[in-house]
Every structure is written in C-alpha cells, then in structure tokens.
Amino acid sequence: MLKLVYAPDPILKKECSPIPQVDDHHRELISEMYDVMYEANGVGLAAPQVGIDMRIFILDSGAREEEKKPLTMINPILISIEDDLTPYEEGCLSFPEHFAEIDRPDKLTIEYLDEKNEKQILSTDGFTSRIIQHELDHLNGILFVDHLSRLKRDVIIRKMKKFKKEQNTK
Ligand code: ZN
C-alpha cells in the first residue's frame with residue numbers, strides 16, 4: 001500500500017523521470033494513487049507524493065462531490081498558458097492543515113498520455129487548471145510553498161518538521 005510523503009522530503013524536491021511506455025504496472029500504481037487521494041480527501045496527487053519518481057499525476061475536481069471526474073496525466077507538457085494571474089487558496093496532501101493563497105494563471109492547454117498510452121490534449125481553466133498547475137509543479141520538484149515569500153515558506157516548513165517528528169514518535 002502506498003503511503004503519503006509529507007514535506008520536507010528529498011523526493012518532493014526532485015525533477016521526476018518520464019515514462020517510456022504506459023503499461024499494466026503503471027495502471028496498477030495509478031489505481032492505488034486514486035485510493036490514496038480519495039482516502040485523504042484530496043483533489044490531486046502526484047507520484048512523488050507517494051515516493052515514486054515518475055511523471056504521473058492524477059486529479060479529480062469532483063472528488064468532494066457526488067460525481068467523480070478522475071483525470072490521469074502521464075508525461076504532461078504545458079503547451080500554452082495565459083499571462084494574467086488569479087489568486088486562489090491552495091492546500092497540498094504533503095502539507096496537511098496548511099493553506100496559502102497562490103497567484104497562478106487561469107487558462108492553459110496541456111498535452112499528456114492517458115492510461116492507455118494515448119496522446120491527449122486538454123484546454124481548461126478554473127479549478128481543474130489550478131490543480132493541474134499544482135500537480136505539474138510536483139513533477140518538477142516545486143511545492144506550493146515555493147510560490148510564497150521566504151518568510152511564509154519557512155514558517156510552514158518549520159511546522160511541518162515538527163509535525164513529522166510527532167508522527168514518528170507515535
Ligand atoms: Zn501538492
């Protein structure tokens with residue numbers, strides 16, 4: 001069973017490796033990632049957050065609603081993104097209980113492989129675009145706190161170190 005990796009951790013700062021070909025091994029991993037994400041009540045999860053160095057992330061903008069909308073992206077490449085920034089409060093499964101307002105663009109177009117190893121292109125905005133940008137950052141070793149001022153980031157990292165220490169002594 002996969003386990004969530006909490007920050008700070010070296011795997012979360014790594015640029016992840018692309019997948020040459022999507023096979024059953026990856027599909028099984030992805031299915032387990034969905035279990036972890038829904039269990040943790042998240043809307044997105046990247047492979048490094050479960051300790052795996054692969055360019056895979058999953059998201060579900062309807063995770064907290066009746067109708068599920070699972071979306072898997074493998075080897076994603078951003079094709080275009082608008083310039084205008086919009087603020088939005090973000091959280092992260094690797095930073096339980098921490099939230100911060102982050103400015104990001106809204107509309108984007110992204111190319112990726114789906115679970116059948118087929119190339120897909122998606123243009124989107126709003127919540128889905130926000131999750132995609134957050135998860136794509138994960139594959140490049142960038143965390144949402146990296147978009148904050150150093151002061152704010154240091155406060156959250158210090159609290160996370162304390163949280164991890166407490167977890168280990170349980
Ligand atoms: Zn995250």
# chains A, B, ... in the order shown; residues from 1 in each chain; ligands from 1
>>> closest_atom_pairs(of="chain A", to="ligand 1", cutoff="12 Å", atoms="only C-alpha atoms and all ligand atoms", output="CSV")
residue,atom,partner,partner_atom_place_in_ligand_line,distance
A:Leu4,CA,ligand 1,1 (Zn),10.8
A:Val5,CA,ligand 1,1 (Zn),10.4
A:Tyr6,CA,ligand 1,1 (Zn),9.9
A:Ala7,CA,ligand 1,1 (Zn),9.8
A:Leu12,CA,ligand 1,1 (Zn),9.3
A:Lys13,CA,ligand 1,1 (Zn),11.7
A:Met37,CA,ligand 1,1 (Zn),10.9
A:Gly42,CA,ligand 1,1 (Zn),9.2
A:Val43,CA,ligand 1,1 (Zn),9.4
A:Gly44,CA,ligand 1,1 (Zn),7.1
A:Leu45,CA,ligand 1,1 (Zn),6.5
A:Ala46,CA,ligand 1,1 (Zn),7.2
A:Ala47,CA,ligand 1,1 (Zn),10.4
A:Pro48,CA,ligand 1,1 (Zn),9.7
A:Gln49,CA,ligand 1,1 (Zn),7.6
A:Val50,CA,ligand 1,1 (Zn),11.0
A:Phe57,CA,ligand 1,1 (Zn),10.2
A:Ile58,CA,ligand 1,1 (Zn),11.0
A:Leu59,CA,ligand 1,1 (Zn),10.7
A:Glu90,CA,ligand 1,1 (Zn),8.6
A:Gly91,CA,ligand 1,1 (Zn),6.8
A:Cys92,CA,ligand 1,1 (Zn),3.8
A:Leu93,CA,ligand 1,1 (Zn),5.6
A:Ser94,CA,ligand 1,1 (Zn),6.0
A:Phe95,CA,ligand 1,1 (Zn),7.6
A:Pro96,CA,ligand 1,1 (Zn),9.9
A:His98,CA,ligand 1,1 (Zn),10.8
A:Phe99,CA,ligand 1,1 (Zn),10.7
A:Ala100,CA,ligand 1,1 (Zn),11.9
A:Arg130,CA,ligand 1,1 (Zn),11.1
A:Ile131,CA,ligand 1,1 (Zn),8.6
A:Ile132,CA,ligand 1,1 (Zn),10.1
A:Gln133,CA,ligand 1,1 (Zn),9.8
A:His134,CA,ligand 1,1 (Zn),6.1
A:Glu135,CA,ligand 1,1 (Zn),6.1
A:Leu136,CA,ligand 1,1 (Zn),9.3
A:Asp137,CA,ligand 1,1 (Zn),8.3
A:His138,CA,ligand 1,1 (Zn),6.5
A:Leu139,CA,ligand 1,1 (Zn),10.0
A:Asn140,CA,ligand 1,1 (Zn),11.7
A:Gly141,CA,ligand 1,1 (Zn),10.4
A:Ile142,CA,ligand 1,1 (Zn),9.1
A:Leu143,CA,ligand 1,1 (Zn),6.5
A:Phe144,CA,ligand 1,1 (Zn),6.7
A:Val145,CA,ligand 1,1 (Zn),9.5
A:Asp146,CA,ligand 1,1 (Zn),11.3
>>> residues_around(residues="A:Ser80", least_positions_apart="5", cutoff="10 Å", atoms="only C-alpha atoms", output="number ranges by chain")
A: 107-111, 123
>>> write_last_selection(atoms="N, CA, C and O atoms", output="mmCIF file, in the first residue's frame")
data_model
loop_
_atom_site.group_PDB
_atom_site.id
_atom_site.type_symbol
_atom_site.label_atom_id
_atom_site.label_comp_id
_atom_site.auth_asym_id
_atom_site.auth_seq_id
_atom_site.Cartn_x
_atom_site.Cartn_y
_atom_site.Cartn_z
ATOM 1 N N LYS A 107 -6.230 30.074 -17.629
ATOM 2 C CA LYS A 107 -6.405 29.164 -18.780
ATOM 3 C C LYS A 107 -5.089 28.517 -19.186
ATOM 4 O O LYS A 107 -4.046 29.169 -19.208
ATOM 5 N N LEU A 108 -5.155 27.226 -19.531
ATOM 6 C CA LEU A 108 -3.955 26.538 -20.031
ATOM 7 C C LEU A 108 -4.342 25.444 -21.020
ATOM 8 O O LEU A 108 -5.485 24.998 -21.067
ATOM 9 N N THR A 109 -3.358 25.033 -21.797
ATOM 10 C CA THR A 109 -3.501 23.873 -22.676
ATOM 11 C C THR A 109 -2.344 22.939 -22.376
ATOM 12 O O THR A 109 -1.192 23.370 -22.296
ATOM 13 N N ILE A 110 -2.666 21.663 -22.187
ATOM 14 C CA ILE A 110 -1.656 20.691 -21.791
ATOM 15 C C ILE A 110 -1.789 19.418 -22.628
ATOM 16 O O ILE A 110 -2.895 19.022 -22.999
ATOM 17 N N GLU A 111 -0.634 18.850 -22.929
ATOM 18 C CA GLU A 111 -0.582 17.592 -23.686
ATOM 19 C C GLU A 111 -0.071 16.521 -22.736
ATOM 20 O O GLU A 111 0.810 16.787 -21.915
ATOM 21 N N SER A 123 -7.606 21.665 -23.066
ATOM 22 C CA SER A 123 -7.601 23.094 -22.743
ATOM 23 C C SER A 123 -8.615 23.285 -21.626
ATOM 24 O O SER A 123 -9.755 22.829 -21.743
#
>>> closest_residue(among="A:Met54, A:Leu85, A:Val155, A:Met160", to="A:Gly126", atoms="only C-alpha atoms")
A:Leu85
>>> atom_distance(atom1="atom CA of A:Leu78", atom2="atom CA of A:Tyr112")
8.7 Å
>>> closest_residue(among="A:Leu122, A:Asn41, A:Ile74, A:Arg158", to="A:Ser61", atoms="only C-alpha atoms")
A:Asn41
>>> atom_distance(atom1="atom CA of A:Gly62", atom2="atom CA of A:Thr128")
9.4 Å
>>> select_by_dssp(residues="stretch 60-136 of chain A", states="helix (DSSP H, G or I)", output="list in words")
Gly126, Phe127, Thr128, Ser129, Arg130, Ile131, Ile132, Gln133, His134, Glu135 and Leu136 of chain A
>>> write_last_selection(atoms="all heavy atoms", output="short mmCIF file (atom, residue, chain, number, x, y, z; two decimals), in the first residue's frame")
data_model
loop_
_atom_site.label_atom_id
_atom_site.label_comp_id
_atom_site.auth_asym_id
_atom_site.auth_seq_id
_atom_site.Cartn_x
_atom_site.Cartn_y
_atom_site.Cartn_z
N GLY A 126 -10.15 27.47 -14.56
CA GLY A 126 -10.80 27.31 -13.27
C GLY A 126 -10.09 26.30 -12.37
O GLY A 126 -8.87 26.17 -12.38
N PHE A 127 -10.91 25.57 -11.60
CA PHE A 127 -10.39 24.64 -10.58
C PHE A 127 -9.49 23.56 -11.20
O PHE A 127 -8.41 23.27 -10.67
CB PHE A 127 -11.59 24.00 -9.87
CG PHE A 127 -11.26 23.27 -8.59
CD1 PHE A 127 -10.23 23.70 -7.75
CD2 PHE A 127 -12.00 22.15 -8.22
CE1 PHE A 127 -9.93 23.03 -6.58
CE2 PHE A 127 -11.71 21.48 -7.04
CZ PHE A 127 -10.68 21.90 -6.22
N THR A 128 -9.92 23.00 -12.33
CA THR A 128 -9.12 21.94 -12.98
C THR A 128 -7.74 22.46 -13.37
O THR A 128 -6.73 21.80 -13.12
CB THR A 128 -9.86 21.41 -14.23
OG1 THR A 128 -11.14 20.92 -13.80
CG2 THR A 128 -9.09 20.29 -14.91
N SER A 129 -7.69 23.65 -13.95
CA SER A 129 -6.42 24.26 -14.36
C SER A 129 -5.53 24.49 -13.15
O SER A 129 -4.32 24.26 -13.18
CB SER A 129 -6.70 25.58 -15.07
OG SER A 129 -5.54 26.36 -15.14
N ARG A 130 -6.14 24.93 -12.07
CA ARG A 130 -5.40 25.19 -10.83
C ARG A 130 -4.74 23.90 -10.31
O ARG A 130 -3.57 23.87 -9.97
CB ARG A 130 -6.40 25.75 -9.80
CG ARG A 130 -5.88 25.99 -8.42
CD ARG A 130 -4.77 27.02 -8.35
NE ARG A 130 -5.13 28.32 -8.86
CZ ARG A 130 -4.52 29.47 -8.49
NH1 ARG A 130 -3.55 29.45 -7.59
NH2 ARG A 130 -4.86 30.60 -9.02
N ILE A 131 -5.53 22.82 -10.28
CA ILE A 131 -4.98 21.54 -9.79
C ILE A 131 -3.86 21.07 -10.71
O ILE A 131 -2.81 20.63 -10.25
CB ILE A 131 -6.08 20.45 -9.70
CG1 ILE A 131 -7.27 20.91 -8.85
CG2 ILE A 131 -5.49 19.17 -9.08
CD1 ILE A 131 -8.49 19.99 -8.92
N ILE A 132 -4.09 21.16 -12.03
CA ILE A 132 -3.07 20.72 -12.99
C ILE A 132 -1.75 21.46 -12.74
O ILE A 132 -0.68 20.85 -12.70
CB ILE A 132 -3.55 20.92 -14.45
CG1 ILE A 132 -4.64 19.89 -14.79
CG2 ILE A 132 -2.38 20.82 -15.44
CD1 ILE A 132 -5.33 20.12 -16.13
N GLN A 133 -1.81 22.77 -12.57
CA GLN A 133 -0.57 23.54 -12.36
C GLN A 133 0.13 23.15 -11.07
O GLN A 133 1.36 23.03 -11.01
CB GLN A 133 -0.89 25.04 -12.35
CG GLN A 133 -1.35 25.54 -13.70
CD GLN A 133 -1.76 27.01 -13.64
OE1 GLN A 133 -0.96 27.87 -13.31
NE2 GLN A 133 -3.01 27.29 -13.94
N HIS A 134 -0.66 22.92 -10.03
CA HIS A 134 -0.08 22.49 -8.74
C HIS A 134 0.60 21.13 -8.88
O HIS A 134 1.72 20.94 -8.40
CB HIS A 134 -1.22 22.45 -7.70
CG HIS A 134 -0.80 21.98 -6.34
ND1 HIS A 134 -0.79 22.81 -5.23
CD2 HIS A 134 -0.38 20.77 -5.90
CE1 HIS A 134 -0.36 22.11 -4.17
NE2 HIS A 134 -0.12 20.87 -4.55
N GLU A 135 -0.07 20.19 -9.56
CA GLU A 135 0.48 18.83 -9.70
C GLU A 135 1.67 18.81 -10.66
O GLU A 135 2.64 18.09 -10.43
CB GLU A 135 -0.60 17.86 -10.19
CG GLU A 135 -1.81 17.73 -9.27
CD GLU A 135 -1.47 17.50 -7.81
OE1 GLU A 135 -0.45 16.85 -7.51
OE2 GLU A 135 -2.22 18.01 -6.95
N LEU A 136 1.60 19.60 -11.73
CA LEU A 136 2.72 19.68 -12.66
C LEU A 136 3.97 20.20 -11.94
O LEU A 136 5.08 19.71 -12.16
CB LEU A 136 2.35 20.58 -13.84
CG LEU A 136 3.33 20.64 -15.01
CD1 LEU A 136 3.51 19.27 -15.65
CD2 LEU A 136 2.85 21.63 -16.06
#
>>> closest_atom_pairs(of="stretch 45-86 of chain A", to="stretch 17-36 of chain A", cutoff="7 Å", atoms="only C-alpha atoms", output="tab-separated table")
residue	atom	partner	partner_atom	distance
A:Asp53	CA	A:Ser17	CA	6.0
A:Met54	CA	A:Ser17	CA	4.9
A:Arg55	CA	A:Pro18	CA	5.1
A:Asn75	CA	A:Pro18	CA	5.6
>>> closest_residue(among="A:Glu39, A:Gly51, A:Lys159, A:Thr124", to="A:Asp9", atoms="only C-alpha atoms")
A:Gly51
>>> closest_residue(among="A:Ile11, A:Met73, A:Ala63, A:Ile52", to="A:Leu113", atoms="only C-alpha atoms")
A:Met73
>>> atom_distance(atom1="atom CA of A:Glu89", atom2="atom CA of A:Arg104")
10.6 Å
>>> closest_residue(among="A:Leu2, A:Ile102, A:Lys69, A:Ile56", to="A:Lys152", atoms="only C-alpha atoms")
A:Ile102
>>> select_by_dssp(residues="stretch 17-97 of chain A", states="strand (DSSP E or B)", output="list in words")
Gly44, Leu45, Ala46, Ile56, Phe57, Ile58, Leu59, Asp60, Pro70, Leu71, Thr72, Met73, Ile74, Asn75, Pro76, Ile77, Leu78, Ile79, Ser80, Ile81, Leu85, Thr86, Pro87, Tyr88, Glu89 and Glu90 of chain A
>>> residues_around(residues="A:Asp84", least_positions_apart="2", cutoff="10 Å", atoms="only C-alpha atoms", output="list in words")
Ile81, Glu82, Thr86, Asp103, Arg104, Pro105, Asp106 and Lys107 of chain A
>>> write_last_selection(atoms="all heavy atoms", output="short mmCIF file (atom, residue, chain, number, x, y, z; two decimals), in the first residue's frame")
data_model
loop_
_atom_site.label_atom_id
_atom_site.label_comp_id
_atom_site.auth_asym_id
_atom_site.auth_seq_id
_atom_site.Cartn_x
_atom_site.Cartn_y
_atom_site.Cartn_z
N ILE A 81 -0.09 28.82 -21.75
CA ILE A 81 -0.70 29.28 -20.51
C ILE A 81 -0.84 30.79 -20.60
O ILE A 81 0.05 31.46 -21.11
CB ILE A 81 0.12 28.80 -19.29
CG1 ILE A 81 -0.63 29.02 -17.99
CG2 ILE A 81 1.51 29.43 -19.25
CD1 ILE A 81 -0.24 28.05 -16.90
N GLU A 82 -1.98 31.33 -20.14
CA GLU A 82 -2.19 32.78 -20.26
C GLU A 82 -1.32 33.50 -19.23
O GLU A 82 -0.77 32.89 -18.33
CB GLU A 82 -3.67 33.11 -20.05
CG GLU A 82 -4.14 32.91 -18.63
CD GLU A 82 -5.54 33.45 -18.38
OE1 GLU A 82 -6.21 33.86 -19.33
OE2 GLU A 82 -5.95 33.45 -17.22
N THR A 86 -4.41 34.86 -11.18
CA THR A 86 -5.59 34.86 -10.32
C THR A 86 -5.19 34.26 -8.97
O THR A 86 -4.53 33.22 -8.95
CB THR A 86 -6.69 33.97 -10.93
OG1 THR A 86 -6.82 34.29 -12.32
CG2 THR A 86 -8.02 34.16 -10.24
N ASP A 103 -0.92 32.96 -6.45
CA ASP A 103 -1.30 33.54 -7.74
C ASP A 103 -0.84 32.63 -8.86
O ASP A 103 0.33 32.26 -8.93
CB ASP A 103 -0.62 34.91 -7.94
CG ASP A 103 -1.20 35.96 -7.01
OD1 ASP A 103 -2.41 35.88 -6.71
OD2 ASP A 103 -0.45 36.86 -6.60
N ARG A 104 -1.77 32.28 -9.76
CA ARG A 104 -1.40 31.49 -10.94
C ARG A 104 -2.27 31.94 -12.11
O ARG A 104 -3.36 32.47 -11.91
CB ARG A 104 -1.67 30.00 -10.71
CG ARG A 104 -0.80 29.32 -9.66
CD ARG A 104 -1.02 27.83 -9.76
NE ARG A 104 -0.59 27.10 -8.58
CZ ARG A 104 0.57 26.45 -8.49
NH1 ARG A 104 1.40 26.47 -9.50
NH2 ARG A 104 0.89 25.78 -7.40
N PRO A 105 -1.82 31.64 -13.34
CA PRO A 105 -2.67 31.89 -14.50
C PRO A 105 -3.92 31.01 -14.45
O PRO A 105 -3.96 30.04 -13.69
CB PRO A 105 -1.78 31.50 -15.68
CG PRO A 105 -0.40 31.41 -15.15
CD PRO A 105 -0.52 31.08 -13.70
N ASP A 106 -4.92 31.35 -15.26
CA ASP A 106 -6.17 30.59 -15.24
C ASP A 106 -6.23 29.57 -16.39
O ASP A 106 -6.22 28.37 -16.16
CB ASP A 106 -7.36 31.55 -15.30
CG ASP A 106 -8.68 30.82 -15.08
OD1 ASP A 106 -8.67 29.79 -14.37
OD2 ASP A 106 -9.71 31.27 -15.61
N LYS A 107 -6.23 30.07 -17.63
CA LYS A 107 -6.41 29.16 -18.78
C LYS A 107 -5.09 28.52 -19.19
O LYS A 107 -4.05 29.17 -19.21
CB LYS A 107 -6.94 29.95 -19.98
CG LYS A 107 -8.35 30.45 -19.79
CD LYS A 107 -8.86 31.07 -21.10
CE LYS A 107 -10.19 31.74 -20.89
NZ LYS A 107 -10.09 32.97 -20.08
#
>>> decode(residues="stretch 71-97 of chain A", atoms="N, CA, C and O atoms", output="PDB file, in the first residue's frame")
ATOM      1  N   LEU A  71      -9.017  12.175 -13.631  1.00  0.00           N
ATOM      2  CA  LEU A  71      -8.208  12.553 -14.790  1.00  0.00           C
ATOM      3  C   LEU A  71      -6.754  12.200 -14.481  1.00  0.00           C
ATOM      4  O   LEU A  71      -6.213  12.639 -13.471  1.00  0.00           O
ATOM      5  N   THR A  72      -6.160  11.366 -15.354  1.00  0.00           N
ATOM      6  CA  THR A  72      -4.782  10.923 -15.153  1.00  0.00           C
ATOM      7  C   THR A  72      -3.904  11.542 -16.229  1.00  0.00           C
ATOM      8  O   THR A  72      -4.248  11.479 -17.411  1.00  0.00           O
ATOM      9  N   MET A  73      -2.793  12.117 -15.845  1.00  0.00           N
ATOM     10  CA  MET A  73      -1.864  12.707 -16.821  1.00  0.00           C
ATOM     11  C   MET A  73      -0.474  12.118 -16.628  1.00  0.00           C
ATOM     12  O   MET A  73       0.079  12.152 -15.535  1.00  0.00           O
ATOM     13  N   ILE A  74       0.056  11.593 -17.736  1.00  0.00           N
ATOM     14  CA  ILE A  74       1.374  10.968 -17.738  1.00  0.00           C
ATOM     15  C   ILE A  74       2.263  11.756 -18.704  1.00  0.00           C
ATOM     16  O   ILE A  74       1.812  12.104 -19.804  1.00  0.00           O
ATOM     17  N   ASN A  75       3.499  12.023 -18.299  1.00  0.00           N
ATOM     18  CA  ASN A  75       4.443  12.836 -19.095  1.00  0.00           C
ATOM     19  C   ASN A  75       3.802  14.137 -19.592  1.00  0.00           C
ATOM     20  O   ASN A  75       3.899  14.477 -20.782  1.00  0.00           O
ATOM     21  N   PRO A  76       3.133  14.883 -18.724  1.00  0.00           N
ATOM     22  CA  PRO A  76       2.435  16.098 -19.181  1.00  0.00           C
ATOM     23  C   PRO A  76       3.400  17.187 -19.655  1.00  0.00           C
ATOM     24  O   PRO A  76       4.479  17.346 -19.091  1.00  0.00           O
ATOM     25  N   ILE A  77       2.979  17.889 -20.701  1.00  0.00           N
ATOM     26  CA  ILE A  77       3.756  19.026 -21.227  1.00  0.00           C
ATOM     27  C   ILE A  77       2.804  20.199 -21.407  1.00  0.00           C
ATOM     28  O   ILE A  77       1.790  20.084 -22.104  1.00  0.00           O
ATOM     29  N   LEU A  78       3.146  21.311 -20.788  1.00  0.00           N
ATOM     30  CA  LEU A  78       2.342  22.515 -20.910  1.00  0.00           C
ATOM     31  C   LEU A  78       2.554  23.105 -22.303  1.00  0.00           C
ATOM     32  O   LEU A  78       3.682  23.366 -22.705  1.00  0.00           O
ATOM     33  N   ILE A  79       1.479  23.302 -23.048  1.00  0.00           N
ATOM     34  CA  ILE A  79       1.594  23.829 -24.411  1.00  0.00           C
ATOM     35  C   ILE A  79       1.437  25.343 -24.406  1.00  0.00           C
ATOM     36  O   ILE A  79       2.173  26.053 -25.065  1.00  0.00           O
ATOM     37  N   SER A  80       0.458  25.827 -23.644  1.00  0.00           N
ATOM     38  CA  SER A  80       0.312  27.275 -23.525  1.00  0.00           C
ATOM     39  C   SER A  80      -0.372  27.608 -22.219  1.00  0.00           C
ATOM     40  O   SER A  80      -1.112  26.796 -21.652  1.00  0.00           O
ATOM     41  N   ILE A  81      -0.088  28.817 -21.750  1.00  0.00           N
ATOM     42  CA  ILE A  81      -0.705  29.278 -20.513  1.00  0.00           C
ATOM     43  C   ILE A  81      -0.841  30.786 -20.596  1.00  0.00           C
ATOM     44  O   ILE A  81       0.055  31.457 -21.114  1.00  0.00           O
ATOM     45  N   GLU A  82      -1.982  31.326 -20.144  1.00  0.00           N
ATOM     46  CA  GLU A  82      -2.193  32.777 -20.256  1.00  0.00           C
ATOM     47  C   GLU A  82      -1.321  33.505 -19.230  1.00  0.00           C
ATOM     48  O   GLU A  82      -0.767  32.887 -18.328  1.00  0.00           O
ATOM     49  N   ASP A  83      -1.196  34.814 -19.382  1.00  0.00           N
ATOM     50  CA  ASP A  83      -0.312  35.592 -18.523  1.00  0.00           C
ATOM     51  C   ASP A  83      -0.977  36.083 -17.240  1.00  0.00           C
ATOM     52  O   ASP A  83      -0.329  36.206 -16.215  1.00  0.00           O
ATOM     53  N   ASP A  84      -2.282  36.391 -17.320  1.00  0.00           N
ATOM     54  CA  ASP A  84      -2.962  37.003 -16.170  1.00  0.00           C
ATOM     55  C   ASP A  84      -3.011  36.070 -14.978  1.00  0.00           C
ATOM     56  O   ASP A  84      -3.359  34.897 -15.105  1.00  0.00           O
ATOM     57  N   LEU A  85      -2.682  36.601 -13.796  1.00  0.00           N
ATOM     58  CA  LEU A  85      -2.671  35.781 -12.592  1.00  0.00           C
ATOM     59  C   LEU A  85      -3.951  35.962 -11.782  1.00  0.00           C
ATOM     60  O   LEU A  85      -4.504  37.047 -11.705  1.00  0.00           O
ATOM     61  N   THR A  86      -4.407  34.856 -11.181  1.00  0.00           N
ATOM     62  CA  THR A  86      -5.586  34.864 -10.316  1.00  0.00           C
ATOM     63  C   THR A  86      -5.187  34.257  -8.973  1.00  0.00           C
ATOM     64  O   THR A  86      -4.527  33.216  -8.951  1.00  0.00           O
ATOM     65  N   PRO A  87      -5.591  34.870  -7.859  1.00  0.00           N
ATOM     66  CA  PRO A  87      -5.270  34.269  -6.559  1.00  0.00           C
ATOM     67  C   PRO A  87      -6.258  33.166  -6.196  1.00  0.00           C
ATOM     68  O   PRO A  87      -7.442  33.233  -6.558  1.00  0.00           O
ATOM     69  N   TYR A  88      -5.784  32.145  -5.509  1.00  0.00           N
ATOM     70  CA  TYR A  88      -6.664  31.054  -5.080  1.00  0.00           C
ATOM     71  C   TYR A  88      -5.997  30.354  -3.901  1.00  0.00           C
ATOM     72  O   TYR A  88      -4.779  30.173  -3.899  1.00  0.00           O
ATOM     73  N   GLU A  89      -6.793  29.967  -2.919  1.00  0.00           N
ATOM     74  CA  GLU A  89      -6.224  29.302  -1.744  1.00  0.00           C
ATOM     75  C   GLU A  89      -5.935  27.829  -2.049  1.00  0.00           C
ATOM     76  O   GLU A  89      -6.821  27.085  -2.424  1.00  0.00           O
ATOM     77  N   GLU A  90      -4.674  27.441  -1.901  1.00  0.00           N
ATOM     78  CA  GLU A  90      -4.260  26.067  -2.194  1.00  0.00           C
ATOM     79  C   GLU A  90      -3.837  25.330  -0.935  1.00  0.00           C
ATOM     80  O   GLU A  90      -3.305  25.915  -0.006  1.00  0.00           O
ATOM     81  N   GLY A  91      -4.056  24.033  -0.980  1.00  0.00           N
ATOM     82  CA  GLY A  91      -3.518  23.147   0.031  1.00  0.00           C
ATOM     83  C   GLY A  91      -2.763  22.052  -0.689  1.00  0.00           C
ATOM     84  O   GLY A  91      -2.654  22.072  -1.916  1.00  0.00           O
ATOM     85  N   CYS A  92      -2.239  21.085   0.072  1.00  0.00           N
ATOM     86  CA  CYS A  92      -1.445  20.014  -0.538  1.00  0.00           C
ATOM     87  C   CYS A  92      -1.451  18.824   0.416  1.00  0.00           C
ATOM     88  O   CYS A  92      -1.287  19.005   1.625  1.00  0.00           O
ATOM     89  N   LEU A  93      -1.634  17.620  -0.129  1.00  0.00           N
ATOM     90  CA  LEU A  93      -1.678  16.432   0.738  1.00  0.00           C
ATOM     91  C   LEU A  93      -0.343  16.193   1.451  1.00  0.00           C
ATOM     92  O   LEU A  93      -0.307  15.515   2.459  1.00  0.00           O
ATOM     93  N   SER A  94       0.734  16.777   0.931  1.00  0.00           N
ATOM     94  CA  SER A  94       2.038  16.646   1.590  1.00  0.00           C
ATOM     95  C   SER A  94       2.236  17.691   2.693  1.00  0.00           C
ATOM     96  O   SER A  94       3.249  17.682   3.387  1.00  0.00           O
ATOM     97  N   PHE A  95       1.240  18.605   2.826  1.00  0.00           N
ATOM     98  CA  PHE A  95       1.271  19.646   3.868  1.00  0.00           C
ATOM     99  C   PHE A  95      -0.075  19.676   4.589  1.00  0.00           C
ATOM    100  O   PHE A  95      -0.818  20.658   4.451  1.00  0.00           O
ATOM    101  N   PRO A  96      -0.425  18.614   5.335  1.00  0.00           N
ATOM    102  CA  PRO A  96      -1.751  18.599   5.947  1.00  0.00           C
ATOM    103  C   PRO A  96      -1.993  19.834   6.820  1.00  0.00           C
ATOM    104  O   PRO A  96      -1.086  20.258   7.530  1.00  0.00           O
ATOM    105  N   GLU A  97      -3.187  20.383   6.709  1.00  0.00           N
ATOM    106  CA  GLU A  97      -3.637  21.514   7.538  1.00  0.00           C
ATOM    107  C   GLU A  97      -3.015  22.860   7.133  1.00  0.00           C
ATOM    108  O   GLU A  97      -3.224  23.853   7.817  1.00  0.00           O
TER     109      GLU A  97
END
